[in-house]
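Contents: one structure, followed by commentary.
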Amino acid sequence: MNATNRHSAPAPHPVARTATGMGKGGAVLDGSGRESEGEGEIGARKSDHLDIALQPSLPGSRADTGFDRVRFEHVALPELDLDAIDLSTRFLGRAMRAPILISSMTGGPERAGAINARLAEATEHLGLALAVGSQRIALEGRGSGGLGADLRRRAPHVPLLANIGGAQLAAGWGVREARRAVEMIEADALIVHLNPLQEAVQTGGDRNWAGVLGAIEALAREAGFPIVVKEVGAGLSATVARRLVEAGVHAIDVAGAGGTSWAAIEAERSADPRVRGSALLFSDWGIPTADAIAEVRAACPQAFVIGSGGVRHGLDAARAIRLGADLVGQAGASLAAADVSTERVVAHFAGVVEELRIACFCTGSADLEALRTARLRPAEAPARS
Ligand SMILES: Cc1cc2nc3c(=O)[nH]c(=O)nc-3n(C[C@H](O)[C@H](O)[C@H](O)COP(=O)(O)O)c2cc1C
């Protein structure tokens, strides 16, 4: 399928209840100008996003993370005890049992409240880290989505990250709102998410992104807690990462292409054929996650880098770490479990951690430091002689 015929816009997703007559804004991530929307309407829209992310009716993005190009050299003599492999690390001053971040997911409707509670309990049980979804609605007092002090009580020992949008910074939010977001959930740091593509392809999205870098710089200088900046599935380039490090951010989450595609999700939501066609055109857009991690690590050798975007399992996590990530984030692939129960989330991430452990074992890596220098197979198959 090429870009031209992807322009022909199929019918909207059957669950896209709010897709018609949508006023300004339409993002599960932040958007602006929704003062006229009621909480129920916003909740329904966010629920649409969850439904589409769980069960897309369109093929979605064909973008490739690039992870499958990374092949470890197998070590048949690991000389290690599989169960003694040390996956522990530290983030935001807290100990973690494995280098996995459950990446930001929606924080609006009641259903999201239950999802956030399950994610928090599983994070605590496994010793991982948790980032919540956008707190814009909660900060505006239009429903908490489980984003209150209760969340911290479910996960008292883990790195917990609050979340606001770069678009809100461009629209005038600053240290006051950032502080409220962090205090609301007793977070250790604040994520600022950058989603310009999603905003650009939706009806009524935020179009003015001028001044976001300056606002991030001011936050990093004045907030008094660490600032983490992330994309949401289109990737951060080396150039952007360098600017963010110079602006004083504590960590960078590349959130590259190959996993959840917000252009594809917005295409499914829209009932307007022109909007759908344009959104679909950009559904493969972005920097493949594997490339983004390697390029950001090379450009910013001292930065704390989170590798995310299309991470499917623990082998992808191992690849991300080998390419230069300090932590590995996953959102979309864990959503189905999060929609069911805490036990399912625990089982899902326990599997991811076990796969990461096996990758360490079979590369002879006793810990994450060793995994970072594990030998890789050459990218190309050897020529036959
Ligand atoms: C249902 C859903 C809701 C999301 N909501 C947010 C959000 O509110 N804020 C944010 O920064 N990222 C949000 N994201 C983006 C993820 O945190 C992540 O960056 C992106 O989905 C890429 O990772 P993945 O390919 O593992 O899903 C959301 C993702 C999903 C699947």
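Order determines the names: the first chain of the structure tokens is A, the second B, and so forth; residues in each chain are numbered 1 upward, and ligands are numbered 1 upward as they are shown.
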Env of Ala63 of chain A: 10 Å cut, atoms = only C-alpha atoms, seq-sep filter 4 positions within chain, self excluded. Answer as a ChimeraX atom specification.
/A:234,256-261,283-289,310
Store the residues picked out above, limited to N, CA and C atoms, as a compact mmCIF listing (two decimals), in the first residue's frame.
```txt
# COMPACT_ATOMS: atom_id res chain seq x y z
N ALA A 234 6.83 9.16 17.57
CA ALA A 234 7.47 9.62 16.34
C ALA A 234 8.97 9.86 16.54
N GLY A 256 10.12 6.27 19.93
CA GLY A 256 10.25 6.29 18.48
C GLY A 256 9.13 5.58 17.74
N ALA A 257 9.31 5.53 16.42
CA ALA A 257 8.28 4.97 15.53
C ALA A 257 8.40 3.45 15.44
N GLY A 258 7.25 2.82 15.21
CA GLY A 258 7.22 1.37 15.06
C GLY A 258 6.25 0.71 16.03
N GLY A 259 5.75 1.51 16.99
CA GLY A 259 4.75 0.99 17.93
C GLY A 259 3.45 1.75 17.76
N THR A 260 2.92 2.25 18.86
CA THR A 260 1.68 3.02 18.80
C THR A 260 1.86 4.22 17.87
N SER A 261 0.93 4.38 16.92
CA SER A 261 0.97 5.53 16.01
C SER A 261 -0.26 6.39 16.26
N SER A 283 0.85 7.99 9.14
CA SER A 283 0.82 6.94 10.17
C SER A 283 2.16 6.20 10.29
N ASP A 284 3.00 6.26 9.26
CA ASP A 284 4.32 5.61 9.34
C ASP A 284 5.44 6.60 9.69
N TRP A 285 5.06 7.83 9.93
CA TRP A 285 6.05 8.90 10.13
C TRP A 285 6.86 8.68 11.40
N GLY A 286 8.12 9.08 11.34
CA GLY A 286 8.89 9.10 12.59
C GLY A 286 10.24 8.42 12.47
N ILE A 287 11.02 8.56 13.52
CA ILE A 287 12.36 7.98 13.58
C ILE A 287 12.24 6.60 14.23
N PRO A 288 12.67 5.54 13.53
CA PRO A 288 12.56 4.21 14.13
C PRO A 288 13.24 4.18 15.50
N THR A 289 12.60 3.52 16.43
CA THR A 289 13.08 3.55 17.82
C THR A 289 14.55 3.15 17.96
N GLY A 310 7.23 0.93 20.50
CA GLY A 310 7.15 -0.36 19.83
C GLY A 310 7.94 -1.47 20.51
```
Considering only C-alpha atoms, return as a list in words whatever protein or nucleic-acid residues lie within 9 Å of Ala167 of chain A, sequence-local ones (same chain, fewer than 5 positions apart) excluded.
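Within the cut-off, the hits are Asp30, Gly31, Ser32, Gly172, Trp173, His193, Leu194, Asn195, Pro196, Glu199, Asp206, Arg207, Asn208, Trp209 and Val212 of chain A.
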Can I get the selected residues back with N, CA and C atoms, as a PDB file, in the first residue's frame?
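See part.pdb below for the written result:
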```
ATOM      1  N   ASP A  30      -2.633  15.879  25.351  1.00  0.00           N
ATOM      2  CA  ASP A  30      -3.207  17.204  25.518  1.00  0.00           C
ATOM      3  C   ASP A  30      -3.611  17.846  24.216  1.00  0.00           C
ATOM      4  N   GLY A  31      -4.633  18.655  24.279  1.00  0.00           N
ATOM      5  CA  GLY A  31      -5.062  19.492  23.176  1.00  0.00           C
ATOM      6  C   GLY A  31      -5.609  20.735  23.822  1.00  0.00           C
ATOM      7  N   SER A  32      -5.897  21.745  23.043  1.00  0.00           N
ATOM      8  CA  SER A  32      -6.334  22.983  23.676  1.00  0.00           C
ATOM      9  C   SER A  32      -7.751  23.325  23.303  1.00  0.00           C
ATOM     10  N   GLY A 172       0.949  28.647  27.849  1.00  0.00           N
ATOM     11  CA  GLY A 172       1.104  29.494  29.026  1.00  0.00           C
ATOM     12  C   GLY A 172       1.252  28.765  30.359  1.00  0.00           C
ATOM     13  N   TRP A 173       1.096  27.430  30.353  1.00  0.00           N
ATOM     14  CA  TRP A 173       1.333  26.733  31.618  1.00  0.00           C
ATOM     15  C   TRP A 173       2.808  26.864  31.997  1.00  0.00           C
ATOM     16  N   HIS A 193       5.321  15.781  27.561  1.00  0.00           N
ATOM     17  CA  HIS A 193       5.243  15.012  26.310  1.00  0.00           C
ATOM     18  C   HIS A 193       5.105  15.934  25.112  1.00  0.00           C
ATOM     19  N   LEU A 194       5.823  15.547  24.058  1.00  0.00           N
ATOM     20  CA  LEU A 194       5.802  16.307  22.799  1.00  0.00           C
ATOM     21  C   LEU A 194       5.051  15.459  21.768  1.00  0.00           C
ATOM     22  N   ASN A 195       3.919  15.954  21.303  1.00  0.00           N
ATOM     23  CA  ASN A 195       3.104  15.203  20.338  1.00  0.00           C
ATOM     24  C   ASN A 195       2.666  16.087  19.171  1.00  0.00           C
ATOM     25  N   PRO A 196       3.621  16.816  18.551  1.00  0.00           N
ATOM     26  CA  PRO A 196       3.211  17.764  17.508  1.00  0.00           C
ATOM     27  C   PRO A 196       2.497  17.096  16.344  1.00  0.00           C
ATOM     28  N   GLU A 199      -1.161  16.382  17.223  1.00  0.00           N
ATOM     29  CA  GLU A 199      -1.935  17.628  17.246  1.00  0.00           C
ATOM     30  C   GLU A 199      -2.184  18.133  15.828  1.00  0.00           C
ATOM     31  N   ASP A 206      -3.608  21.407  18.682  1.00  0.00           N
ATOM     32  CA  ASP A 206      -2.766  22.584  18.953  1.00  0.00           C
ATOM     33  C   ASP A 206      -1.808  22.812  17.805  1.00  0.00           C
ATOM     34  N   ARG A 207      -1.895  23.964  17.195  1.00  0.00           N
ATOM     35  CA  ARG A 207      -1.076  24.243  16.011  1.00  0.00           C
ATOM     36  C   ARG A 207       0.135  25.114  16.337  1.00  0.00           C
ATOM     37  N   ASN A 208       0.086  25.810  17.452  1.00  0.00           N
ATOM     38  CA  ASN A 208       1.189  26.716  17.765  1.00  0.00           C
ATOM     39  C   ASN A 208       2.121  26.079  18.796  1.00  0.00           C
ATOM     40  N   TRP A 209       3.276  25.651  18.319  1.00  0.00           N
ATOM     41  CA  TRP A 209       4.255  25.001  19.202  1.00  0.00           C
ATOM     42  C   TRP A 209       5.471  25.899  19.426  1.00  0.00           C
ATOM     43  N   VAL A 212       8.035  26.242  23.096  1.00  0.00           N
ATOM     44  CA  VAL A 212       8.014  25.067  23.986  1.00  0.00           C
ATOM     45  C   VAL A 212       9.396  24.825  24.596  1.00  0.00           C
TER      46      VAL A 212
END
```
Strand (DSSP E or B) positions in segment 18-193 of chain A, given as an mmCIF file with N, CA and C atoms, in the first residue's frame:
```cif
data_model
loop_
_atom_site.group_PDB
_atom_site.id
_atom_site.type_symbol
_atom_site.label_atom_id
_atom_site.label_comp_id
_atom_site.auth_asym_id
_atom_site.auth_seq_id
_atom_site.Cartn_x
_atom_site.Cartn_y
_atom_site.Cartn_z
ATOM 1 N N PHE A 72 22.009 -10.315 18.670
ATOM 2 C CA PHE A 72 23.102 -10.579 19.610
ATOM 3 C C PHE A 72 23.885 -11.807 19.165
ATOM 4 N N ASP A 86 21.818 -9.855 37.522
ATOM 5 C CA ASP A 86 21.384 -8.656 38.248
ATOM 6 C C ASP A 86 20.818 -7.626 37.263
ATOM 7 N N THR A 89 18.649 -1.476 38.844
ATOM 8 C CA THR A 89 19.180 -0.183 38.434
ATOM 9 C C THR A 89 18.571 0.875 39.343
ATOM 10 N N ARG A 90 18.913 2.143 39.097
ATOM 11 C CA ARG A 90 18.344 3.245 39.877
ATOM 12 C C ARG A 90 17.816 4.309 38.933
ATOM 13 N N PHE A 91 16.747 4.954 39.362
ATOM 14 C CA PHE A 91 16.165 6.048 38.573
ATOM 15 C C PHE A 91 15.501 7.007 39.552
ATOM 16 N N ARG A 94 15.638 6.254 43.234
ATOM 17 C CA ARG A 94 14.971 5.053 43.769
ATOM 18 C C ARG A 94 15.539 3.796 43.124
ATOM 19 N N ALA A 95 15.512 2.720 43.891
ATOM 20 C CA ALA A 95 16.002 1.434 43.384
ATOM 21 C C ALA A 95 14.919 0.767 42.557
ATOM 22 N N MET A 96 15.330 0.126 41.472
ATOM 23 C CA MET A 96 14.398 -0.646 40.631
ATOM 24 C C MET A 96 14.948 -2.063 40.479
ATOM 25 N N ILE A 100 12.650 -1.306 33.630
ATOM 26 C CA ILE A 100 11.444 -1.187 32.805
ATOM 27 C C ILE A 100 10.532 -0.076 33.342
ATOM 28 N N LEU A 101 10.145 0.805 32.441
ATOM 29 C CA LEU A 101 9.191 1.877 32.754
ATOM 30 C C LEU A 101 7.872 1.558 32.068
ATOM 31 N N ILE A 102 6.782 1.539 32.831
ATOM 32 C CA ILE A 102 5.464 1.438 32.202
ATOM 33 C C ILE A 102 5.119 2.856 31.748
ATOM 34 N N ALA A 129 9.172 1.105 37.140
ATOM 35 C CA ALA A 129 8.848 2.534 37.256
ATOM 36 C C ALA A 129 7.547 2.783 36.497
ATOM 37 N N LEU A 130 6.819 3.830 36.908
ATOM 38 C CA LEU A 130 5.520 4.125 36.283
ATOM 39 C C LEU A 130 5.402 5.601 35.927
ATOM 40 N N ALA A 131 4.988 5.839 34.685
ATOM 41 C CA ALA A 131 4.665 7.206 34.265
ATOM 42 C C ALA A 131 3.168 7.261 33.992
ATOM 43 N N LEU A 160 7.910 7.369 40.222
ATOM 44 C CA LEU A 160 6.586 7.705 39.686
ATOM 45 C C LEU A 160 6.705 9.058 38.979
ATOM 46 N N LEU A 161 6.209 9.116 37.748
ATOM 47 C CA LEU A 161 6.378 10.339 36.954
ATOM 48 C C LEU A 161 5.034 10.949 36.581
ATOM 49 N N ALA A 162 4.909 12.261 36.841
ATOM 50 C CA ALA A 162 3.722 13.026 36.451
ATOM 51 C C ALA A 162 3.826 13.376 34.960
ATOM 52 N N ASN A 163 2.751 13.961 34.385
ATOM 53 C CA ASN A 163 2.752 14.165 32.924
ATOM 54 C C ASN A 163 1.890 15.362 32.515
ATOM 55 N N ILE A 164 2.509 16.275 31.771
ATOM 56 C CA ILE A 164 1.745 17.351 31.115
ATOM 57 C C ILE A 164 2.246 17.463 29.673
ATOM 58 N N GLY A 165 1.526 18.226 28.853
ATOM 59 C CA GLY A 165 1.878 18.330 27.443
ATOM 60 C C GLY A 165 2.702 19.563 27.117
ATOM 61 N N ALA A 189 9.184 13.095 39.510
ATOM 62 C CA ALA A 189 9.635 13.906 38.378
ATOM 63 C C ALA A 189 8.421 14.212 37.511
ATOM 64 N N LEU A 190 8.615 15.109 36.560
ATOM 65 C CA LEU A 190 7.533 15.469 35.637
ATOM 66 C C LEU A 190 7.952 15.163 34.208
ATOM 67 N N ILE A 191 7.074 14.465 33.492
ATOM 68 C CA ILE A 191 7.277 14.279 32.054
ATOM 69 C C ILE A 191 6.564 15.402 31.314
ATOM 70 N N VAL A 192 7.254 15.956 30.329
ATOM 71 C CA VAL A 192 6.594 16.833 29.349
ATOM 72 C C VAL A 192 6.539 16.051 28.050
ATOM 73 N N HIS A 193 5.321 15.781 27.561
ATOM 74 C CA HIS A 193 5.243 15.012 26.310
ATOM 75 C C HIS A 193 5.105 15.934 25.112
#
```
In Å, rounded to a single decimal, give me how far atom CA of Ser237 of chain A is from atom CA of Leu327 of chain A.
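Calculated distance between atom CA of Leu327 of chain A and atom CA of Ser237 of chain A is 17.6 Å.
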Near segment 81-85 of chain A, counting only C-alpha atoms, which residues have an atom at most 10 Å away, once you skip same-chain residues fewer than 5 positions from it, shown as a list in words?
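Residues meeting the cut-off are Glu354, Arg357, Ile358, Cys360, Phe361, Cys362, Gly364, Ser365, Ala366, Asp367 and Leu368 of chain A.
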Taking into account only C-alpha atoms, which residue in the set A:Gln168, A:Asp150, A:Glu186, A:Arg322 is nearest to Gly205 of chain A?
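Checking each of A:Gln168, A:Asp150, A:Glu186, A:Arg322 against Gly205 of chain A, counting only C-alpha atoms, the winner is A:Gln168.
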List all protein, DNA and RNA residues that have an atom no more than 6 Å from any atom of ligand 1, counting only C-alpha atoms and all ligand atoms, and report them as a ChimeraX atom specification.
/A:28-29,49-50,53,103-106,133-134,193,232-233,255,259-260,308-311,330-333
Which distance in Å separates atom CA of Gly329 of chain A and atom CA of Ile306 of chain A, to one decimal?
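Going from atom CA of Gly329 of chain A over to atom CA of Ile306 of chain A, I get 6.6 Å.
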Which of segment 51-181 of chain A DSSP labels alpha helix (DSSP H), written as a count of residues only
43
Quick one: residues within 12 Å of segment 295-303 of chain A, only C-alpha atoms counted, chain neighbours fewer than 3 positions away excluded, as a count of residues only?
40
Between A:Gly214, A:Gly66, A:Pro56, A:Gly148, single out the one closest to Asp316 of chain A, counting only C-alpha atoms.
A:Gly66
Rounded to one decimal place, report the atom CA of Ala264 of chain A-atom CA of Leu280 of chain A distance in Å.
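That distance, rounded to one decimal, is 5.6 Å.
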Skipping near chain neighbours, those fewer than 4 positions away, what residues fall within 12 Å of segment 344-346 of chain A using only C-alpha atoms, listed as a count of residues only?
30
Pick from A:Arg154, A:Arg136, A:Lys46, A:His74, whichever lies nearest to Leu376 of chain A using only C-alpha atoms:
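Nearest candidate to Leu376 of chain A out of A:Arg154, A:Arg136, A:Lys46, A:His74: A:His74.
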Nearest candidate to Leu371 of chain A (options A:Arg62, A:Arg69, A:Arg319, A:His348; using only C-alpha atoms):
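Among the listed residues, the smallest separation from Leu371 of chain A belongs to A:Arg319.
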Could you name the residues that touch Ala263 of chain A at 8 Å or less, counting only C-alpha atoms, but leaving out those on the same chain fewer than 5 positions away, as number ranges by chain?
A: 197-198, 201, 279-280, 282-283
Can I get the selection written as a JSON list (two decimals), in the first residue's frame, with C-alpha atoms?
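Listing of again.json after writing:
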```
[["chain", "number", "residue", "atom", "x", "y", "z"],
["A", 197, "LEU", "CA", 2.26, 15.23, 14.83],
["A", 198, "GLN", "CA", -0.84, 14.05, 16.70],
["A", 201, "VAL", "CA", -3.35, 15.70, 12.09],
["A", 279, "ALA", "CA", -3.67, 11.38, 9.25],
["A", 280, "LEU", "CA", -3.20, 8.02, 7.50],
["A", 282, "PHE", "CA", 1.52, 10.22, 8.38],
["A", 283, "SER", "CA", 0.82, 6.94, 10.17]]
```
